[in-house]
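Chemist: Dropping in upload_4.tsv, which is TSV, C-alpha atoms:
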chain	number	residue	atom	x	y	z
A	25	LEU	CA	116.99	180.78	31.68
A	26	ASP	CA	118.79	180.64	35.02
A	27	LEU	CA	119.58	184.37	34.84
A	28	PHE	CA	115.90	185.24	34.50
A	29	LEU	CA	114.94	182.90	37.33
A	30	LEU	CA	117.62	184.39	39.56
A	31	ALA	CA	116.52	187.93	38.71
A	32	ALA	CA	112.95	187.09	39.67
A	33	ASN	CA	114.03	185.56	43.01
A	34	SER	CA	116.89	187.83	44.07
A	35	PRO	CA	117.13	190.08	47.10
A	36	PRO	CA	117.79	193.80	46.49
A	37	ASN	CA	121.40	194.82	45.80
A	38	THR	CA	122.29	191.57	44.04
A	39	VAL	CA	125.23	191.33	41.65
A	40	VAL	CA	125.47	188.57	39.08
A	41	ILE	CA	128.84	187.58	37.69
A	42	TYR	CA	128.18	186.38	34.18
A	43	LYS	CA	130.23	185.11	31.28
A	44	GLN	CA	131.05	187.88	28.85
A	45	GLU	CA	129.79	185.70	25.99
A	46	PHE	CA	126.25	186.78	26.97
A	47	HIS	CA	127.01	190.07	25.22
A	48	ARG	CA	126.56	188.17	21.94
A	49	ILE	CA	122.89	187.53	22.73
A	50	PRO	CA	120.78	190.52	21.62
A	51	GLY	CA	119.45	192.46	24.59
A	52	ILE	CA	120.94	190.22	27.30
A	53	GLY	CA	124.34	191.93	27.53
A	54	HIS	CA	122.77	195.39	27.60
A	55	ALA	CA	120.32	194.33	30.31
A	56	LEU	CA	123.08	192.82	32.45
A	57	LYS	CA	125.18	195.98	32.12
A	58	ALA	CA	122.19	198.17	33.00
A	59	LEU	CA	121.65	196.07	36.13
A	60	ARG	CA	125.32	196.68	37.12
A	61	CYS	CA	126.17	193.00	36.81
A	62	VAL	CA	129.83	192.07	36.39
A	63	PRO	CA	131.03	190.47	33.13
A	64	LEU	CA	133.73	187.82	33.37
A	65	ASP	CA	136.13	187.38	30.44
A	66	ARG	CA	137.03	183.72	30.79
A	67	SER	CA	139.63	183.97	28.02
A	68	ASN	CA	141.71	186.59	29.88
A	69	GLN	CA	142.84	185.66	33.38
A	70	GLY	CA	143.91	189.20	34.27
A	71	ALA	CA	140.57	190.67	33.22
A	72	ALA	CA	138.74	187.85	35.04
A	73	LEU	CA	140.63	188.63	38.26
A	74	GLU	CA	139.71	192.32	37.89
A	75	SER	CA	136.03	191.37	37.55
A	76	MET	CA	136.19	189.22	40.67
A	77	ALA	CA	137.92	192.05	42.54
A	78	ALA	CA	135.15	194.46	41.46
A	79	ALA	CA	132.50	192.06	42.76
A	80	ALA	CA	134.40	191.59	46.03
A	81	GLU	CA	134.56	195.37	46.44
A	82	ARG	CA	130.77	195.58	46.02
A	83	ILE	CA	130.36	192.94	48.74
A	84	ARG	CA	132.57	194.89	51.14
A	85	GLU	CA	131.35	198.42	50.33
A	86	GLU	CA	127.68	197.91	49.46
A	87	GLY	CA	126.85	194.67	51.26
A	88	SER	CA	125.87	193.18	47.92
A	89	THR	CA	124.84	189.60	47.40
A	90	VAL	CA	126.87	188.07	44.56
A	91	TYR	CA	125.65	185.21	42.40
A	92	ILE	CA	128.36	183.19	40.72
A	93	ALA	CA	128.25	179.75	39.14
A	94	PRO	CA	131.16	177.86	40.71
A	95	GLU	CA	131.34	175.48	37.73
A	96	GLY	CA	131.97	178.37	35.36
A	97	THR	CA	129.46	177.04	32.83
A	98	ARG	CA	126.92	174.28	32.44
A	99	SER	CA	128.20	170.87	31.38
A	100	ARG	CA	127.30	169.77	27.88
A	101	LYS	CA	127.36	166.17	29.18
A	102	GLY	CA	125.06	166.92	32.10
A	103	GLY	CA	125.92	166.69	35.77
A	104	LEU	CA	127.87	168.77	38.23
A	105	GLN	CA	131.42	169.63	37.15
A	106	ARG	CA	134.47	170.38	39.26
A	107	PHE	CA	134.26	173.89	40.74
A	108	LYS	CA	136.44	176.80	39.67
A	109	LEU	CA	138.13	178.62	42.55
A	110	GLY	CA	137.15	182.28	42.01
A	111	ALA	CA	134.06	182.22	44.23
A	112	PHE	CA	136.03	180.55	47.03
A	113	HIS	CA	138.85	183.10	46.86
A	114	MET	CA	136.21	185.84	46.98
A	115	ALA	CA	134.58	184.32	50.07
A	116	LEU	CA	137.98	184.00	51.74
A	117	GLU	CA	138.90	187.60	50.87
A	118	THR	CA	135.60	189.19	51.94
A	119	GLY	CA	134.60	186.86	54.78
A	120	ALA	CA	131.12	186.74	53.22
A	121	PRO	CA	129.25	183.47	53.63
A	122	MET	CA	128.55	181.29	50.64
A	123	ILE	CA	124.91	180.30	50.28
A	124	PRO	CA	124.64	177.31	47.98
A	125	LEU	CA	121.81	177.72	45.52
A	126	VAL	CA	120.82	174.59	43.62
A	127	MET	CA	118.64	174.88	40.51
A	128	ARG	CA	117.11	171.64	39.27
A	129	GLY	CA	115.09	171.12	36.13
A	130	ILE	CA	116.71	173.69	33.84
A	131	PRO	CA	118.11	171.12	31.36
A	132	GLU	CA	114.60	169.70	30.89
A	133	VAL	CA	112.95	173.11	30.52
A	134	MET	CA	115.69	174.62	28.34
A	135	PRO	CA	118.16	172.07	26.95
A	136	MET	CA	121.77	173.12	26.42
A	137	GLY	CA	122.14	175.09	23.19
A	138	SER	CA	118.41	175.71	22.80
A	139	PHE	CA	116.61	179.03	22.92
A	140	LEU	CA	113.24	177.28	23.13
A	141	ILE	CA	111.75	177.13	26.61
A	142	ARG	CA	109.63	174.07	27.27
A	143	SER	CA	106.88	173.66	29.82
A	144	GLY	CA	108.15	172.25	33.10
A	145	THR	CA	109.22	172.94	36.64
A	146	VAL	CA	112.47	174.37	37.95
A	147	ALA	CA	113.19	174.01	41.66
A	148	ILE	CA	115.49	176.45	43.43
A	149	ASP	CA	116.90	175.30	46.77
A	150	TYR	CA	118.71	177.79	49.01
A	151	LEU	CA	120.88	175.74	51.35
A	152	GLU	CA	122.47	176.58	54.68
A	153	PRO	CA	125.17	179.30	54.50
A	154	ILE	CA	128.77	178.13	54.52
A	155	GLU	CA	131.04	180.45	56.48
A	156	PRO	CA	134.63	180.86	55.20
A	157	GLN	CA	136.08	181.55	58.66
A	158	GLY	CA	139.09	179.33	59.18
A	159	TRP	CA	139.66	178.88	55.45
A	160	THR	CA	143.15	179.37	54.05
A	161	ALA	CA	144.33	180.13	50.53
A	162	GLU	CA	146.65	177.10	50.69
A	163	HIS	CA	143.63	174.79	51.07
A	164	ILE	CA	141.20	176.56	48.74
A	165	ARG	CA	140.83	173.53	46.42
A	166	ALA	CA	139.89	171.37	49.43
A	167	HIS	CA	137.32	173.97	50.51
A	168	ALA	CA	135.85	173.98	46.99
A	169	THR	CA	135.68	170.18	47.02
A	170	ASP	CA	133.89	170.24	50.39
A	171	VAL	CA	131.31	172.73	49.12
A	172	ARG	CA	130.83	170.70	45.93
A	173	GLU	CA	129.96	167.70	48.11
A	174	VAL	CA	127.00	169.72	49.46
A	175	PHE	CA	125.76	170.21	45.88
A	176	LEU	CA	126.22	166.51	45.12
A	177	ASP	CA	123.50	165.75	47.67
A	178	TYR	CA	121.12	167.36	45.13
A	179	LEU	CA	122.78	166.89	41.74
A	180	ALA	CA	124.53	164.04	39.96
A	181	PRO	CA	128.22	164.50	39.06
A	182	VAL	CA	129.24	165.08	35.44
A	183	ALA	CA	128.87	161.81	33.51
A	184	ASP	CA	132.59	160.95	33.23
A	185	GLU	CA	133.09	161.15	37.04
A	186	GLU	CA	130.67	158.36	37.93
Is it possible to give me this structure as structure tokens?

Modeler:
Amino acid sequence: LDLFLLAANSPPNTVVIYKQEFHRIPGIGHALKALRCVPLDRSNQGAALESMAAAAERIREEGSTVYIAPEGTRSRKGGLQRFKLGAFHMALETGAPMIPLVMRGIPEVMPMGSFLIRSGTVAIDYLEPIEPQGWTAEHIRAHATDVREVFLDYLAPVADEE
């Protein structure tokens, strides 16, 4: 559901980095490929790094906006998980600002594992850009933790962190 909502609310020249597992859903994988989105093979670190490099190149060369879920996937327990580092390395490498986008209400409208969409409201909040100037690779985990704190103003942490 979040992919469709993002597609409907995205600026031109947007790239979505998506988990390669979406290719198993009829029509979704083909649509994402046709839109020039970038698949991420989470089971193969080398291939995942190549995908991130391809997205970074599109930022530099085409001025693309890249959507990436810093958690990697939605929590089955509910709540905001610890962030993966790929998006933060990409921001550091490209100098592109990170614009936190918080989507609330998706679990109620489309529960995890369901293909049934229920009636409801999903709110999308675009927060203030976070500039990576001054970031260093040595402190990338700390930068990710700082950005996650911004999200925690809107979302509860994953259940086992409380």

Chemist: Name all residues at most 10 Å from Gly53 in chain A (count all atoms listed in the file; drop same-chain ones fewer than 6 positions away) and give them as an mmCIF file with C-alpha atoms, keeping the file's coordinate frame.

Modeler:
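The new file part_13.cif reads:
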data_model
loop_
_atom_site.group_PDB
_atom_site.id
_atom_site.type_symbol
_atom_site.label_atom_id
_atom_site.label_comp_id
_atom_site.auth_asym_id
_atom_site.auth_seq_id
_atom_site.Cartn_x
_atom_site.Cartn_y
_atom_site.Cartn_z
ATOM 1 C CA TYR A 42 128.180 186.380 34.180
ATOM 2 C CA LYS A 43 130.230 185.110 31.280
ATOM 3 C CA GLN A 44 131.050 187.880 28.850
ATOM 4 C CA GLU A 45 129.790 185.700 25.990
ATOM 5 C CA PHE A 46 126.250 186.780 26.970
ATOM 6 C CA HIS A 47 127.010 190.070 25.220
ATOM 7 C CA LEU A 59 121.650 196.070 36.130
ATOM 8 C CA CYS A 61 126.170 193.000 36.810
ATOM 9 C CA PRO A 63 131.030 190.470 33.130
#

Chemist: Which residues are near Arg100 in chain A? Cut-off 10 Å, all atoms listed in the file, ignore same chain within fewer than 5 positions. Put them as number ranges by chain.

Modeler: A: 131, 135-137, 182-183

Chemist: Assuming 8 Å of padding per side, give the centre and edge lengths of the axis-aligned box around every listed atom of range 31-46 of chain A, in Å to one decimal and as JSON.

Modeler:
{"center_x": 122.0, "center_y": 190.0, "center_z": 36.5, "size_x": 34.1, "size_y": 25.7, "size_z": 37.1}

Chemist: Quick one: of A:Arg142, A:Phe175, A:Asp149, A:Pro94, who's nearest to Phe107 in chain A, counting all atoms listed in the file?

Modeler: A:Pro94

Chemist: Tell me, in Å to one decimal, how far CA of Arg66 in chain A is from CA of Ala111 in chain A.

Modeler: 13.8 Å

Chemist: Find the residues of range 85-135 of chain A that sit at most 12 Å from range 156-174 of chain A; for each, write down the nearest two atoms and how far apart they are in Å, to one decimal. Count only C-alpha atoms. Sort by chain, then by number going up, and give it as CSV.

Modeler:
residue,atom,partner,partner_atom,distance
A:Ala93,CA,A:Arg172,CA,11.6
A:Pro94,CA,A:Ala168,CA,8.7
A:Glu95,CA,A:Arg172,CA,9.5
A:Gly103,CA,A:Arg172,CA,12.0
A:Leu104,CA,A:Arg172,CA,8.5
A:Gln105,CA,A:Arg172,CA,8.9
A:Arg106,CA,A:Arg172,CA,7.6
A:Phe107,CA,A:Ala168,CA,6.4
A:Lys108,CA,A:Ala168,CA,7.9
A:Leu109,CA,A:Ala168,CA,6.8
A:Gly110,CA,A:Ile164,CA,9.7
A:Ala111,CA,A:Ala168,CA,8.9
A:Phe112,CA,A:Ala168,CA,6.6
A:His113,CA,A:Ile164,CA,7.2
A:Met114,CA,A:Pro156,CA,9.7
A:Ala115,CA,A:Pro156,CA,6.2
A:Leu116,CA,A:Pro156,CA,5.7
A:Glu117,CA,A:Pro156,CA,9.1
A:Thr118,CA,A:Pro156,CA,9.0
A:Gly119,CA,A:Pro156,CA,6.0
A:Ala120,CA,A:Pro156,CA,7.1
A:Pro121,CA,A:Pro156,CA,6.2
A:Met122,CA,A:Pro156,CA,7.6
A:Ile123,CA,A:Val171,CA,10.0
A:Pro124,CA,A:Val174,CA,8.1
A:Leu125,CA,A:Val174,CA,10.3
A:Val126,CA,A:Val174,CA,9.8

Chemist: Rank nothing, just name the residue among A:Tyr91, A:Met134, A:Gly129, A:Gly70 nearest to Val146 in chain A, using all atoms listed in the file.

Modeler: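 Using all atoms listed in the file, Val146 in chain A sits closest to A:Gly129.
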
Chemist: At what distance in Å, to one decimal, does CA of Ile41 in chain A lie from CA of Val90 in chain A?

Modeler: 7.2 Å

Chemist: May I ask which of the residues A:Gly87, A:Gly51, A:Pro35, A:Gly96 is the closest one to Ala72 in chain A, counting all atoms listed in the file?

Modeler: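 Answer, going by the shortest atom-to-atom distance: A:Gly96.
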
Chemist: Write range 79-90 of chain A as a PDB file, in the frame of the given file, completed to N, CA, C and O atoms.

Modeler:
ATOM      1  N   ALA A  79     133.624 192.659  42.034  1.00  0.00           N
ATOM      2  CA  ALA A  79     132.500 192.060  42.760  1.00  0.00           C
ATOM      3  C   ALA A  79     132.789 192.003  44.251  1.00  0.00           C
ATOM      4  O   ALA A  79     131.913 192.304  45.074  1.00  0.00           O
ATOM      5  N   ALA A  80     134.024 191.642  44.618  1.00  0.00           N
ATOM      6  CA  ALA A  80     134.400 191.590  46.030  1.00  0.00           C
ATOM      7  C   ALA A  80     134.292 192.969  46.675  1.00  0.00           C
ATOM      8  O   ALA A  80     133.840 193.101  47.821  1.00  0.00           O
ATOM      9  N   GLU A  81     134.667 194.000  45.935  1.00  0.00           N
ATOM     10  CA  GLU A  81     134.560 195.370  46.440  1.00  0.00           C
ATOM     11  C   GLU A  81     133.095 195.729  46.706  1.00  0.00           C
ATOM     12  O   GLU A  81     132.770 196.356  47.715  1.00  0.00           O
ATOM     13  N   ARG A  82     132.205 195.301  45.828  1.00  0.00           N
ATOM     14  CA  ARG A  82     130.770 195.580  46.020  1.00  0.00           C
ATOM     15  C   ARG A  82     130.244 194.841  47.254  1.00  0.00           C
ATOM     16  O   ARG A  82     129.378 195.353  47.949  1.00  0.00           O
ATOM     17  N   ILE A  83     130.764 193.652  47.527  1.00  0.00           N
ATOM     18  CA  ILE A  83     130.360 192.940  48.740  1.00  0.00           C
ATOM     19  C   ILE A  83     130.775 193.747  49.961  1.00  0.00           C
ATOM     20  O   ILE A  83     129.974 193.990  50.870  1.00  0.00           O
ATOM     21  N   ARG A  84     132.043 194.172  49.978  1.00  0.00           N
ATOM     22  CA  ARG A  84     132.570 194.890  51.140  1.00  0.00           C
ATOM     23  C   ARG A  84     131.917 196.269  51.310  1.00  0.00           C
ATOM     24  O   ARG A  84     131.533 196.642  52.403  1.00  0.00           O
ATOM     25  N   GLU A  85     131.807 197.035  50.219  1.00  0.00           N
ATOM     26  CA  GLU A  85     131.350 198.420  50.330  1.00  0.00           C
ATOM     27  C   GLU A  85     129.838 198.571  50.349  1.00  0.00           C
ATOM     28  O   GLU A  85     129.325 199.467  51.003  1.00  0.00           O
ATOM     29  N   GLU A  86     129.124 197.729  49.604  1.00  0.00           N
ATOM     30  CA  GLU A  86     127.680 197.910  49.460  1.00  0.00           C
ATOM     31  C   GLU A  86     126.874 196.799  50.145  1.00  0.00           C
ATOM     32  O   GLU A  86     125.651 196.856  50.160  1.00  0.00           O
ATOM     33  N   GLY A  87     127.568 195.791  50.661  1.00  0.00           N
ATOM     34  CA  GLY A  87     126.850 194.670  51.260  1.00  0.00           C
ATOM     35  C   GLY A  87     126.086 193.862  50.235  1.00  0.00           C
ATOM     36  O   GLY A  87     125.073 193.238  50.554  1.00  0.00           O
ATOM     37  N   SER A  88     126.559 193.869  49.016  1.00  0.00           N
ATOM     38  CA  SER A  88     125.870 193.180  47.920  1.00  0.00           C
ATOM     39  C   SER A  88     125.890 191.669  48.096  1.00  0.00           C
ATOM     40  O   SER A  88     126.808 191.105  48.694  1.00  0.00           O
ATOM     41  N   THR A  89     124.873 191.051  47.553  1.00  0.00           N
ATOM     42  CA  THR A  89     124.840 189.600  47.400  1.00  0.00           C
ATOM     43  C   THR A  89     125.367 189.326  45.997  1.00  0.00           C
ATOM     44  O   THR A  89     124.949 189.979  45.038  1.00  0.00           O
ATOM     45  N   VAL A  90     126.281 188.385  45.867  1.00  0.00           N
ATOM     46  CA  VAL A  90     126.870 188.070  44.560  1.00  0.00           C
ATOM     47  C   VAL A  90     126.483 186.658  44.172  1.00  0.00           C
ATOM     48  O   VAL A  90     126.657 185.723  44.956  1.00  0.00           O
TER      49      VAL A  90
END
